[in-house]
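So this one's data.pdb, PDB, N, CA and C atoms:
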ATOM      1  N   MET A  24      82.597  70.759 133.537
ATOM      2  CA  MET A  24      82.239  71.269 134.835
ATOM      3  C   MET A  24      81.524  70.168 135.621
ATOM      4  N   THR A  25      81.981  69.890 136.818
ATOM      5  CA  THR A  25      81.361  68.896 137.671
ATOM      6  C   THR A  25      80.443  69.586 138.663
ATOM      7  N   LEU A  26      79.214  69.137 138.709
ATOM      8  CA  LEU A  26      78.247  69.706 139.635
ATOM      9  C   LEU A  26      78.353  69.008 140.979
ATOM     10  N   LEU A  27      78.005  69.707 142.025
ATOM     11  CA  LEU A  27      78.012  69.099 143.349
ATOM     12  C   LEU A  27      76.874  68.107 143.463
ATOM     13  N   PRO A  28      77.141  66.939 144.045
ATOM     14  CA  PRO A  28      76.059  65.977 144.206
ATOM     15  C   PRO A  28      75.005  66.496 145.179
ATOM     16  N   THR A  29      73.787  66.105 144.950
ATOM     17  CA  THR A  29      72.716  66.405 145.883
ATOM     18  C   THR A  29      72.660  65.262 146.876
ATOM     19  N   PRO A  30      71.871  65.388 147.905
ATOM     20  CA  PRO A  30      71.839  64.315 148.896
ATOM     21  C   PRO A  30      71.418  62.954 148.346
ATOM     22  N   PHE A  31      70.669  62.919 147.251
ATOM     23  CA  PHE A  31      70.151  61.629 146.810
ATOM     24  C   PHE A  31      71.032  60.875 145.821
ATOM     25  N   TRP A  32      72.192  61.400 145.446
ATOM     26  CA  TRP A  32      73.069  60.653 144.545
ATOM     27  C   TRP A  32      74.534  60.946 144.822
ATOM     28  N   HIS A  33      75.374  59.965 144.495
ATOM     29  CA  HIS A  33      76.817  60.139 144.586
ATOM     30  C   HIS A  33      77.501  59.118 143.674
ATOM     31  N   TRP A  34      78.733  59.425 143.329
ATOM     32  CA  TRP A  34      79.534  58.532 142.484
ATOM     33  C   TRP A  34      80.252  57.522 143.355
ATOM     34  N   GLN A  35      80.369  56.304 142.841
ATOM     35  CA  GLN A  35      81.172  55.256 143.458
ATOM     36  C   GLN A  35      81.993  54.659 142.313
ATOM     37  N   GLY A  36      83.171  55.241 142.103
ATOM     38  CA  GLY A  36      83.945  54.889 140.920
ATOM     39  C   GLY A  36      83.210  55.395 139.687
ATOM     40  N   GLN A  37      82.958  54.506 138.721
ATOM     41  CA  GLN A  37      82.219  54.891 137.509
ATOM     42  C   GLN A  37      80.719  54.659 137.648
ATOM     43  N   ASP A  38      80.312  54.147 138.805
ATOM     44  CA  ASP A  38      78.887  53.878 139.030
ATOM     45  C   ASP A  38      78.248  55.039 139.776
ATOM     46  N   LEU A  39      76.991  55.265 139.480
ATOM     47  CA  LEU A  39      76.221  56.300 140.148
ATOM     48  C   LEU A  39      75.248  55.608 141.097
ATOM     49  N   ILE A  40      75.206  56.049 142.343
ATOM     50  CA  ILE A  40      74.326  55.468 143.356
ATOM     51  C   ILE A  40      73.214  56.464 143.651
ATOM     52  N   LEU A  41      71.969  56.005 143.550
ATOM     53  CA  LEU A  41      70.803  56.837 143.812
ATOM     54  C   LEU A  41      70.106  56.361 145.086
ATOM     55  N   ALA A  42      69.689  57.301 145.907
ATOM     56  CA  ALA A  42      68.868  57.007 147.085
ATOM     57  C   ALA A  42      67.449  57.447 146.741
ATOM     58  N   ILE A  43      66.523  56.484 146.707
ATOM     59  CA  ILE A  43      65.167  56.722 146.230
ATOM     60  C   ILE A  43      64.161  56.370 147.321
ATOM     61  N   HIS A  44      63.097  57.161 147.401
ATOM     62  CA  HIS A  44      61.924  56.831 148.218
ATOM     63  C   HIS A  44      60.786  56.607 147.228
ATOM     64  N   VAL A  45      60.203  55.410 147.249
ATOM     65  CA  VAL A  45      59.172  55.061 146.278
ATOM     66  C   VAL A  45      57.793  55.107 146.914
ATOM     67  N   GLN A  46      56.848  55.656 146.165
ATOM     68  CA  GLN A  46      55.443  55.614 146.545
ATOM     69  C   GLN A  46      54.736  54.716 145.531
ATOM     70  N   PRO A  47      54.562  53.430 145.856
ATOM     71  CA  PRO A  47      53.884  52.531 144.917
ATOM     72  C   PRO A  47      52.380  52.773 144.912
ATOM     73  N   GLY A  48      51.729  52.308 143.856
ATOM     74  CA  GLY A  48      50.281  52.425 143.758
ATOM     75  C   GLY A  48      49.791  53.844 143.526
ATOM     76  N   ALA A  49      50.640  54.704 143.015
ATOM     77  CA  ALA A  49      50.264  56.111 142.783
ATOM     78  C   ALA A  49      49.359  56.228 141.553
ATOM     79  N   SER A  50      48.525  57.245 141.536
ATOM     80  CA  SER A  50      47.644  57.460 140.386
ATOM     81  C   SER A  50      48.411  58.031 139.198
ATOM     82  N   GLN A  51      49.487  58.775 139.472
ATOM     83  CA  GLN A  51      50.338  59.315 138.413
ATOM     84  C   GLN A  51      51.787  58.986 138.734
ATOM     85  N   GLU A  52      52.558  58.644 137.706
ATOM     86  CA  GLU A  52      53.973  58.348 137.906
ATOM     87  C   GLU A  52      54.808  59.590 137.691
ATOM     88  N   GLY A  53      55.901  59.684 138.443
ATOM     89  CA  GLY A  53      56.833  60.782 138.249
ATOM     90  C   GLY A  53      57.556  61.145 139.519
ATOM     91  N   MET A  54      58.435  62.097 139.394
ATOM     92  CA  MET A  54      59.192  62.588 140.530
ATOM     93  C   MET A  54      58.329  63.508 141.376
ATOM     94  N   ALA A  55      58.539  63.433 142.680
ATOM     95  CA  ALA A  55      57.761  64.270 143.595
ATOM     96  C   ALA A  55      58.680  65.080 144.491
ATOM     97  N   GLY A  56      59.893  65.369 144.024
ATOM     98  CA  GLY A  56      60.830  66.164 144.806
ATOM     99  C   GLY A  56      61.619  65.328 145.794
ATOM    100  N   LEU A  57      62.217  66.003 146.744
ATOM    101  CA  LEU A  57      63.031  65.314 147.734
ATOM    102  C   LEU A  57      62.183  64.891 148.919
ATOM    103  N   HIS A  58      62.517  63.733 149.453
ATOM    104  CA  HIS A  58      61.900  63.181 150.663
ATOM    105  C   HIS A  58      63.061  62.934 151.621
ATOM    106  N   GLY A  59      63.373  63.934 152.446
ATOM    107  CA  GLY A  59      64.593  63.853 153.252
ATOM    108  C   GLY A  59      65.794  63.942 152.329
ATOM    109  N   GLU A  60      66.648  62.944 152.404
ATOM    110  CA  GLU A  60      67.828  62.897 151.528
ATOM    111  C   GLU A  60      67.644  61.911 150.385
ATOM    112  N   ARG A  61      66.412  61.604 150.059
ATOM    113  CA  ARG A  61      66.103  60.691 148.965
ATOM    114  C   ARG A  61      65.207  61.399 147.953
ATOM    115  N   LEU A  62      65.286  60.959 146.711
ATOM    116  CA  LEU A  62      64.396  61.459 145.669
ATOM    117  C   LEU A  62      63.121  60.634 145.722
ATOM    118  N   LYS A  63      61.980  61.289 145.857
ATOM    119  CA  LYS A  63      60.702  60.584 145.906
ATOM    120  C   LYS A  63      60.184  60.399 144.494
ATOM    121  N   ILE A  64      59.841  59.135 144.173
ATOM    122  CA  ILE A  64      59.300  58.803 142.865
ATOM    123  C   ILE A  64      57.989  58.046 143.065
ATOM    124  N   ARG A  65      56.968  58.510 142.383
ATOM    125  CA  ARG A  65      55.665  57.846 142.425
ATOM    126  C   ARG A  65      55.584  56.843 141.279
ATOM    127  N   ILE A  66      55.160  55.631 141.621
ATOM    128  CA  ILE A  66      55.048  54.538 140.659
ATOM    129  C   ILE A  66      53.637  53.970 140.730
ATOM    130  N   ALA A  67      53.013  53.733 139.587
ATOM    131  CA  ALA A  67      51.641  53.244 139.561
ATOM    132  C   ALA A  67      51.530  51.770 139.949
ATOM    133  N   ALA A  68      52.568  50.996 139.729
ATOM    134  CA  ALA A  68      52.512  49.557 140.026
ATOM    135  C   ALA A  68      52.365  49.315 141.527
ATOM    136  N   PRO A  69      51.635  48.265 141.896
ATOM    137  CA  PRO A  69      51.464  47.950 143.314
ATOM    138  C   PRO A  69      52.732  47.352 143.918
ATOM    139  N   ALA A  70      52.822  47.450 145.222
ATOM    140  CA  ALA A  70      53.990  46.925 145.947
ATOM    141  C   ALA A  70      53.766  45.459 146.298
ATOM    142  N   ARG A  71      53.684  44.621 145.294
ATOM    143  CA  ARG A  71      53.584  43.184 145.556
ATOM    144  C   ARG A  71      54.278  42.424 144.434
ATOM    145  N   ASP A  72      54.890  41.345 144.817
ATOM    146  CA  ASP A  72      55.588  40.465 143.873
ATOM    147  C   ASP A  72      56.637  41.197 143.038
ATOM    148  N   GLY A  73      57.230  42.235 143.579
ATOM    149  CA  GLY A  73      58.285  42.963 142.886
ATOM    150  C   GLY A  73      57.816  43.861 141.749
ATOM    151  N   GLN A  74      56.510  44.034 141.601
ATOM    152  CA  GLN A  74      55.988  44.835 140.488
ATOM    153  C   GLN A  74      56.460  46.284 140.545
ATOM    154  N   ALA A  75      56.395  46.893 141.717
ATOM    155  CA  ALA A  75      56.816  48.296 141.840
ATOM    156  C   ALA A  75      58.317  48.434 141.599
ATOM    157  N   ASN A  76      59.109  47.470 142.067
ATOM    158  CA  ASN A  76      60.558  47.527 141.850
ATOM    159  C   ASN A  76      60.887  47.451 140.364
ATOM    160  N   ARG A  77      60.258  46.532 139.652
ATOM    161  CA  ARG A  77      60.512  46.415 138.207
ATOM    162  C   ARG A  77      60.078  47.678 137.476
ATOM    163  N   ARG A  78      58.931  48.222 137.850
ATOM    164  CA  ARG A  78      58.444  49.437 137.200
ATOM    165  C   ARG A  78      59.357  50.622 137.496
ATOM    166  N   LEU A  79      59.842  50.712 138.739
ATOM    167  CA  LEU A  79      60.767  51.787 139.106
ATOM    168  C   LEU A  79      62.015  51.741 138.239
ATOM    169  N   LEU A  80      62.624  50.566 138.108
ATOM    170  CA  LEU A  80      63.839  50.453 137.293
ATOM    171  C   LEU A  80      63.560  50.803 135.836
ATOM    172  N   GLY A  81      62.427  50.338 135.316
ATOM    173  CA  GLY A  81      62.069  50.666 133.931
ATOM    174  C   GLY A  81      61.830  52.149 133.746
ATOM    175  N   TRP A  82      61.143  52.761 134.701
ATOM    176  CA  TRP A  82      60.857  54.189 134.619
ATOM    177  C   TRP A  82      62.153  54.996 134.659
ATOM    178  N   LEU A  83      63.046  54.655 135.603
ATOM    179  CA  LEU A  83      64.323  55.369 135.704
ATOM    180  C   LEU A  83      65.151  55.204 134.431
ATOM    181  N   ALA A  84      65.213  53.991 133.909
ATOM    182  CA  ALA A  84      65.984  53.745 132.691
ATOM    183  C   ALA A  84      65.462  54.607 131.542
ATOM    184  N   THR A  85      64.156  54.710 131.420
ATOM    185  CA  THR A  85      63.558  55.544 130.366
ATOM    186  C   THR A  85      63.927  57.006 130.569
ATOM    187  N   GLN A  86      63.833  57.498 131.794
ATOM    188  CA  GLN A  86      64.142  58.898 132.081
ATOM    189  C   GLN A  86      65.609  59.231 131.797
ATOM    190  N   MET A  87      66.482  58.242 131.934
ATOM    191  CA  MET A  87      67.918  58.463 131.760
ATOM    192  C   MET A  87      68.424  58.022 130.399
ATOM    193  N   ASP A  88      67.531  57.540 129.554
ATOM    194  CA  ASP A  88      67.916  57.044 128.222
ATOM    195  C   ASP A  88      68.989  55.966 128.321
ATOM    196  N   LEU A  89      68.776  55.025 129.238
ATOM    197  CA  LEU A  89      69.711  53.914 129.445
ATOM    198  C   LEU A  89      68.951  52.597 129.364
ATOM    199  N   PRO A  90      69.636  51.509 129.006
ATOM    200  CA  PRO A  90      68.966  50.209 129.083
ATOM    201  C   PRO A  90      68.761  49.821 130.551
ATOM    202  N   VAL A  91      67.647  49.197 130.846
ATOM    203  CA  VAL A  91      67.335  48.815 132.223
ATOM    204  C   VAL A  91      68.396  47.854 132.778
ATOM    205  N   SER A  92      69.099  47.153 131.909
ATOM    206  CA  SER A  92      70.134  46.210 132.357
ATOM    207  C   SER A  92      71.297  46.921 133.057
ATOM    208  N   ARG A  93      71.434  48.228 132.896
ATOM    209  CA  ARG A  93      72.504  48.989 133.563
ATOM    210  C   ARG A  93      72.126  49.389 134.983
ATOM    211  N   LEU A  94      70.851  49.221 135.360
ATOM    212  CA  LEU A  94      70.379  49.603 136.688
ATOM    213  C   LEU A  94      70.248  48.368 137.568
ATOM    214  N   ASP A  95      70.643  48.542 138.822
ATOM    215  CA  ASP A  95      70.630  47.430 139.773
ATOM    216  C   ASP A  95      70.060  47.917 141.098
ATOM    217  N   LEU A  96      68.960  47.326 141.533
ATOM    218  CA  LEU A  96      68.389  47.616 142.850
ATOM    219  C   LEU A  96      69.157  46.756 143.844
ATOM    220  N   PHE A  97      70.054  47.369 144.615
ATOM    221  CA  PHE A  97      70.908  46.577 145.495
ATOM    222  C   PHE A  97      70.573  46.718 146.974
ATOM    223  N   GLN A  98      69.623  47.569 147.305
ATOM    224  CA  GLN A  98      69.226  47.705 148.706
ATOM    225  C   GLN A  98      67.786  48.192 148.770
ATOM    226  N   GLY A  99      66.974  47.545 149.620
ATOM    227  CA  GLY A  99      65.621  48.009 149.865
ATOM    228  C   GLY A  99      64.554  47.386 148.986
ATOM    229  N   ALA A 100      64.764  46.176 148.501
ATOM    230  CA  ALA A 100      63.777  45.541 147.623
ATOM    231  C   ALA A 100      62.404  45.443 148.282
ATOM    232  N   GLY A 101      62.349  45.274 149.591
ATOM    233  CA  GLY A 101      61.076  45.155 150.296
ATOM    234  C   GLY A 101      60.685  46.405 151.058
ATOM    235  N   SER A 102      61.310  47.515 150.745
ATOM    236  CA  SER A 102      61.104  48.753 151.479
ATOM    237  C   SER A 102      60.808  49.891 150.507
ATOM    238  N   ARG A 103      60.272  50.986 151.014
ATOM    239  CA  ARG A 103      60.103  52.172 150.173
ATOM    240  C   ARG A 103      61.435  52.894 149.963
ATOM    241  N   ALA A 104      62.350  52.735 150.909
ATOM    242  CA  ALA A 104      63.682  53.346 150.808
ATOM    243  C   ALA A 104      64.588  52.390 150.035
ATOM    244  N   LYS A 105      65.063  52.836 148.887
ATOM    245  CA  LYS A 105      65.852  51.972 147.998
ATOM    246  C   LYS A 105      67.146  52.654 147.591
ATOM    247  N   ARG A 106      68.113  51.819 147.246
ATOM    248  CA  ARG A 106      69.360  52.313 146.664
ATOM    249  C   ARG A 106      69.552  51.583 145.352
ATOM    250  N   ILE A 107      69.849  52.383 144.323
ATOM    251  CA  ILE A 107      69.985  51.861 142.968
ATOM    252  C   ILE A 107      71.347  52.237 142.427
ATOM    253  N   ARG A 108      72.002  51.264 141.810
ATOM    254  CA  ARG A 108      73.308  51.489 141.171
ATOM    255  C   ARG A 108      73.100  51.560 139.669
ATOM    256  N   ILE A 109      73.689  52.583 139.057
ATOM    257  CA  ILE A 109      73.719  52.684 137.601
ATOM    258  C   ILE A 109      75.158  52.380 137.201
ATOM    259  N   ARG A 110      75.358  51.225 136.597
ATOM    260  CA  ARG A 110      76.708  50.785 136.236
ATOM    261  C   ARG A 110      77.243  51.585 135.054
ATOM    262  N   ALA A 111      78.505  52.001 135.179
ATOM    263  CA  ALA A 111      79.190  52.755 134.119
ATOM    264  C   ALA A 111      78.315  53.912 133.633
ATOM    265  N   ALA A 112      77.845  54.699 134.576
ATOM    266  CA  ALA A 112      76.943  55.811 134.265
ATOM    267  C   ALA A 112      77.683  56.909 133.505
ATOM    268  N   PRO A 113      77.059  57.458 132.475
ATOM    269  CA  PRO A 113      77.687  58.576 131.772
ATOM    270  C   PRO A 113      77.694  59.825 132.656
ATOM    271  N   ALA A 114      78.770  60.577 132.598
ATOM    272  CA  ALA A 114      78.900  61.788 133.419
ATOM    273  C   ALA A 114      77.810  62.812 133.103
ATOM    274  N   THR A 115      77.234  62.724 131.920
ATOM    275  CA  THR A 115      76.186  63.668 131.537
ATOM    276  C   THR A 115      74.925  63.522 132.388
ATOM    277  N   LEU A 116      74.790  62.433 133.123
ATOM    278  CA  LEU A 116      73.624  62.257 133.992
ATOM    279  C   LEU A 116      73.618  63.257 135.147
ATOM    280  N   GLU A 117      74.777  63.805 135.490
ATOM    281  CA  GLU A 117      74.848  64.750 136.606
ATOM    282  C   GLU A 117      73.893  65.922 136.418
ATOM    283  N   GLN A 118      73.869  66.496 135.237
ATOM    284  CA  GLN A 118      72.994  67.651 134.998
ATOM    285  C   GLN A 118      71.522  67.271 135.127
ATOM    286  N   ARG A 119      71.164  66.110 134.624
ATOM    287  CA  ARG A 119      69.780  65.664 134.728
ATOM    288  C   ARG A 119      69.399  65.447 136.195
ATOM    289  N   LEU A 120      70.277  64.815 136.945
ATOM    290  CA  LEU A 120      69.997  64.569 138.361
ATOM    291  C   LEU A 120      69.923  65.869 139.143
ATOM    292  N   GLN A 121      70.775  66.796 138.802
ATOM    293  CA  GLN A 121      70.749  68.101 139.470
ATOM    294  C   GLN A 121      69.390  68.773 139.261
ATOM    295  N   SER A 122      68.860  68.683 138.058
ATOM    296  CA  SER A 122      67.557  69.310 137.788
ATOM    297  C   SER A 122      66.441  68.578 138.519
ATOM    298  N   TRP A 123      66.583  67.298 138.767
ATOM    299  CA  TRP A 123      65.555  66.530 139.480
ATOM    300  C   TRP A 123      65.446  66.979 140.937
ATOM    301  N   SER A 124      66.513  67.508 141.488
ATOM    302  CA  SER A 124      66.490  67.894 142.893
ATOM    303  C   SER A 124      65.878  69.277 143.111
ATOM    304  N   GLN A 125      65.561  69.970 142.027
ATOM    305  CA  GLN A 125      64.948  71.297 142.147
ATOM    306  C   GLN A 125      63.496  71.150 142.572
ATOM    307  N   PRO A 126      62.993  72.096 143.348
ATOM    308  CA  PRO A 126      61.578  72.042 143.752
ATOM    309  C   PRO A 126      60.666  72.048 142.541
ATOM    310  N   ARG A 127      59.576  71.306 142.633
ATOM    311  CA  ARG A 127      58.616  71.192 141.525
ATOM    312  C   ARG A 127      57.384  71.996 141.827
TER
END
Please go through the file and, once you have read it, give me the structure as structure tokens.
Amino acid sequence: MTLLPTPFWHWQGQDLILAIHVQPGASQEGMAGLHGERLKIRIAAPARDGQANRRLLGWLATQMDLPVSRLDLFQGAGSRAKRIRIRAAPATLEQRLQSWSQPR
């Protein structure tokens, strides 16, 4: 069964594209629901020297049980609005992403 994509993710061939809004320097890390059409994620690392970007990719990889090498930040490195590609993403990620879009 294929679930309908939410506004913050879509398939591009075998890759999964995520639209993320990051809040760097947060006291607690985790998902904070939807921010417009993006998934808001709080990251404790500061927004300097790429620290928040590296932490975001590591955090996402852990949540998805994937190696961080499969994730690619391809848009928004200097912005809170980011787009991340998960290369050769397993279809089973759809259910996890669907649950992330539910209100918390």
Please put the answer as JSON: centre and edge lengths, in Å with one decimal, of a box along x, y and z that encloses all listed atoms of segment 97-107 of chain A plus 3 Å on each side.
{"center_x": 65.7, "center_y": 49.3, "center_z": 147.0, "size_x": 17.2, "size_y": 14.2, "size_z": 15.1}
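Evaluated against the shown file, the PyMOL selection byres ((chain A and resi 112) around 6) gives Gln37, Asp38, Leu39, Ile109, Arg110, Ala111, Pro113 and Ala114 of chain A.
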Answer as a list in words, residues within 6.5 Å of (62.7, 52.9, 152.4) using only N, CA and C atoms: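 Here is the list of nearby residues: Ile43, His44, Val45, Gly99, Ser102, Arg103, Ala104 and Lys105 of chain A.
Applied to the file shown here, the PyMOL selection byres (((chain A and resi 56-64 and name CA) around 9) and name CA) selects the residues Thr29, Pro30, Phe31, Trp32, Leu41, Ala42, Ile43, His44, Val45, Gln46, Pro47, Glu52, Gly53, Met54, Ala55, Arg65, Ile66, Leu79, Ala104, Lys105, Trp123, Ser124, Gln125, Pro126 and Arg127 of chain A.
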Taking the DSSP assignment computed from this structure's backbone, write out as a PDB file with N, CA and C atoms, keeping the file's coordinate frame all residues of segment 30-122 of chain A that belong to strand (DSSP E or B).
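File selection00.pdb, as written:
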ATOM      1  N   TRP A  32      72.192  61.400 145.446  1.00  0.00           N
ATOM      2  CA  TRP A  32      73.069  60.653 144.545  1.00  0.00           C
ATOM      3  C   TRP A  32      74.534  60.946 144.822  1.00  0.00           C
ATOM      4  N   HIS A  33      75.374  59.965 144.495  1.00  0.00           N
ATOM      5  CA  HIS A  33      76.817  60.139 144.586  1.00  0.00           C
ATOM      6  C   HIS A  33      77.501  59.118 143.674  1.00  0.00           C
ATOM      7  N   TRP A  34      78.733  59.425 143.329  1.00  0.00           N
ATOM      8  CA  TRP A  34      79.534  58.532 142.484  1.00  0.00           C
ATOM      9  C   TRP A  34      80.252  57.522 143.355  1.00  0.00           C
ATOM     10  N   GLN A  35      80.369  56.304 142.841  1.00  0.00           N
ATOM     11  CA  GLN A  35      81.172  55.256 143.458  1.00  0.00           C
ATOM     12  C   GLN A  35      81.993  54.659 142.313  1.00  0.00           C
ATOM     13  N   ASP A  38      80.312  54.147 138.805  1.00  0.00           N
ATOM     14  CA  ASP A  38      78.887  53.878 139.030  1.00  0.00           C
ATOM     15  C   ASP A  38      78.248  55.039 139.776  1.00  0.00           C
ATOM     16  N   LEU A  39      76.991  55.265 139.480  1.00  0.00           N
ATOM     17  CA  LEU A  39      76.221  56.300 140.148  1.00  0.00           C
ATOM     18  C   LEU A  39      75.248  55.608 141.097  1.00  0.00           C
ATOM     19  N   ILE A  40      75.206  56.049 142.343  1.00  0.00           N
ATOM     20  CA  ILE A  40      74.326  55.468 143.356  1.00  0.00           C
ATOM     21  C   ILE A  40      73.214  56.464 143.651  1.00  0.00           C
ATOM     22  N   LEU A  41      71.969  56.005 143.550  1.00  0.00           N
ATOM     23  CA  LEU A  41      70.803  56.837 143.812  1.00  0.00           C
ATOM     24  C   LEU A  41      70.106  56.361 145.086  1.00  0.00           C
ATOM     25  N   ALA A  42      69.689  57.301 145.907  1.00  0.00           N
ATOM     26  CA  ALA A  42      68.868  57.007 147.085  1.00  0.00           C
ATOM     27  C   ALA A  42      67.449  57.447 146.741  1.00  0.00           C
ATOM     28  N   ILE A  43      66.523  56.484 146.707  1.00  0.00           N
ATOM     29  CA  ILE A  43      65.167  56.722 146.230  1.00  0.00           C
ATOM     30  C   ILE A  43      64.161  56.370 147.321  1.00  0.00           C
ATOM     31  N   HIS A  44      63.097  57.161 147.401  1.00  0.00           N
ATOM     32  CA  HIS A  44      61.924  56.831 148.218  1.00  0.00           C
ATOM     33  C   HIS A  44      60.786  56.607 147.228  1.00  0.00           C
ATOM     34  N   VAL A  45      60.203  55.410 147.249  1.00  0.00           N
ATOM     35  CA  VAL A  45      59.172  55.061 146.278  1.00  0.00           C
ATOM     36  C   VAL A  45      57.793  55.107 146.914  1.00  0.00           C
ATOM     37  N   GLN A  46      56.848  55.656 146.165  1.00  0.00           N
ATOM     38  CA  GLN A  46      55.443  55.614 146.545  1.00  0.00           C
ATOM     39  C   GLN A  46      54.736  54.716 145.531  1.00  0.00           C
ATOM     40  N   GLY A  53      55.901  59.684 138.443  1.00  0.00           N
ATOM     41  CA  GLY A  53      56.833  60.782 138.249  1.00  0.00           C
ATOM     42  C   GLY A  53      57.556  61.145 139.519  1.00  0.00           C
ATOM     43  N   MET A  54      58.435  62.097 139.394  1.00  0.00           N
ATOM     44  CA  MET A  54      59.192  62.588 140.530  1.00  0.00           C
ATOM     45  C   MET A  54      58.329  63.508 141.376  1.00  0.00           C
ATOM     46  N   ALA A  55      58.539  63.433 142.680  1.00  0.00           N
ATOM     47  CA  ALA A  55      57.761  64.270 143.595  1.00  0.00           C
ATOM     48  C   ALA A  55      58.680  65.080 144.491  1.00  0.00           C
ATOM     49  N   GLY A  56      59.893  65.369 144.024  1.00  0.00           N
ATOM     50  CA  GLY A  56      60.830  66.164 144.806  1.00  0.00           C
ATOM     51  C   GLY A  56      61.619  65.328 145.794  1.00  0.00           C
ATOM     52  N   LEU A  57      62.217  66.003 146.744  1.00  0.00           N
ATOM     53  CA  LEU A  57      63.031  65.314 147.734  1.00  0.00           C
ATOM     54  C   LEU A  57      62.183  64.891 148.919  1.00  0.00           C
ATOM     55  N   HIS A  58      62.517  63.733 149.453  1.00  0.00           N
ATOM     56  CA  HIS A  58      61.900  63.181 150.663  1.00  0.00           C
ATOM     57  C   HIS A  58      63.061  62.934 151.621  1.00  0.00           C
ATOM     58  N   ARG A  61      66.412  61.604 150.059  1.00  0.00           N
ATOM     59  CA  ARG A  61      66.103  60.691 148.965  1.00  0.00           C
ATOM     60  C   ARG A  61      65.207  61.399 147.953  1.00  0.00           C
ATOM     61  N   LEU A  62      65.286  60.959 146.711  1.00  0.00           N
ATOM     62  CA  LEU A  62      64.396  61.459 145.669  1.00  0.00           C
ATOM     63  C   LEU A  62      63.121  60.634 145.722  1.00  0.00           C
ATOM     64  N   LYS A  63      61.980  61.289 145.857  1.00  0.00           N
ATOM     65  CA  LYS A  63      60.702  60.584 145.906  1.00  0.00           C
ATOM     66  C   LYS A  63      60.184  60.399 144.494  1.00  0.00           C
ATOM     67  N   ILE A  64      59.841  59.135 144.173  1.00  0.00           N
ATOM     68  CA  ILE A  64      59.300  58.803 142.865  1.00  0.00           C
ATOM     69  C   ILE A  64      57.989  58.046 143.065  1.00  0.00           C
ATOM     70  N   ARG A  65      56.968  58.510 142.383  1.00  0.00           N
ATOM     71  CA  ARG A  65      55.665  57.846 142.425  1.00  0.00           C
ATOM     72  C   ARG A  65      55.584  56.843 141.279  1.00  0.00           C
ATOM     73  N   LEU A  94      70.851  49.221 135.360  1.00  0.00           N
ATOM     74  CA  LEU A  94      70.379  49.603 136.688  1.00  0.00           C
ATOM     75  C   LEU A  94      70.248  48.368 137.568  1.00  0.00           C
ATOM     76  N   ASP A  95      70.643  48.542 138.822  1.00  0.00           N
ATOM     77  CA  ASP A  95      70.630  47.430 139.773  1.00  0.00           C
ATOM     78  C   ASP A  95      70.060  47.917 141.098  1.00  0.00           C
ATOM     79  N   LEU A  96      68.960  47.326 141.533  1.00  0.00           N
ATOM     80  CA  LEU A  96      68.389  47.616 142.850  1.00  0.00           C
ATOM     81  C   LEU A  96      69.157  46.756 143.844  1.00  0.00           C
ATOM     82  N   PHE A  97      70.054  47.369 144.615  1.00  0.00           N
ATOM     83  CA  PHE A  97      70.908  46.577 145.495  1.00  0.00           C
ATOM     84  C   PHE A  97      70.573  46.718 146.974  1.00  0.00           C
ATOM     85  N   GLN A  98      69.623  47.569 147.305  1.00  0.00           N
ATOM     86  CA  GLN A  98      69.226  47.705 148.706  1.00  0.00           C
ATOM     87  C   GLN A  98      67.786  48.192 148.770  1.00  0.00           C
ATOM     88  N   ALA A 104      62.350  52.735 150.909  1.00  0.00           N
ATOM     89  CA  ALA A 104      63.682  53.346 150.808  1.00  0.00           C
ATOM     90  C   ALA A 104      64.588  52.390 150.035  1.00  0.00           C
ATOM     91  N   LYS A 105      65.063  52.836 148.887  1.00  0.00           N
ATOM     92  CA  LYS A 105      65.852  51.972 147.998  1.00  0.00           C
ATOM     93  C   LYS A 105      67.146  52.654 147.591  1.00  0.00           C
ATOM     94  N   ARG A 106      68.113  51.819 147.246  1.00  0.00           N
ATOM     95  CA  ARG A 106      69.360  52.313 146.664  1.00  0.00           C
ATOM     96  C   ARG A 106      69.552  51.583 145.352  1.00  0.00           C
ATOM     97  N   ILE A 107      69.849  52.383 144.323  1.00  0.00           N
ATOM     98  CA  ILE A 107      69.985  51.861 142.968  1.00  0.00           C
ATOM     99  C   ILE A 107      71.347  52.237 142.427  1.00  0.00           C
ATOM    100  N   ARG A 108      72.002  51.264 141.810  1.00  0.00           N
ATOM    101  CA  ARG A 108      73.308  51.489 141.171  1.00  0.00           C
ATOM    102  C   ARG A 108      73.100  51.560 139.669  1.00  0.00           C
ATOM    103  N   ILE A 109      73.689  52.583 139.057  1.00  0.00           N
ATOM    104  CA  ILE A 109      73.719  52.684 137.601  1.00  0.00           C
ATOM    105  C   ILE A 109      75.158  52.380 137.201  1.00  0.00           C
TER     106      ILE A 109
END
Best match for closeness to Ala70 of chain A among A:Ser92, A:Gly48, A:Ile40, A:Thr85, counting all atoms listed in the file: A:Gly48
Residues within 9 Å of Leu96 of chain A, only C-alpha atoms, excluding chain neighbours under 3 positions, as a PyMOL selection string: chain A and resi 76+80+99-100+105-108
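Distance-wise, atom CA of Asp95 of chain A and atom CA of Ala75 of chain A end up 14.0 Å apart.
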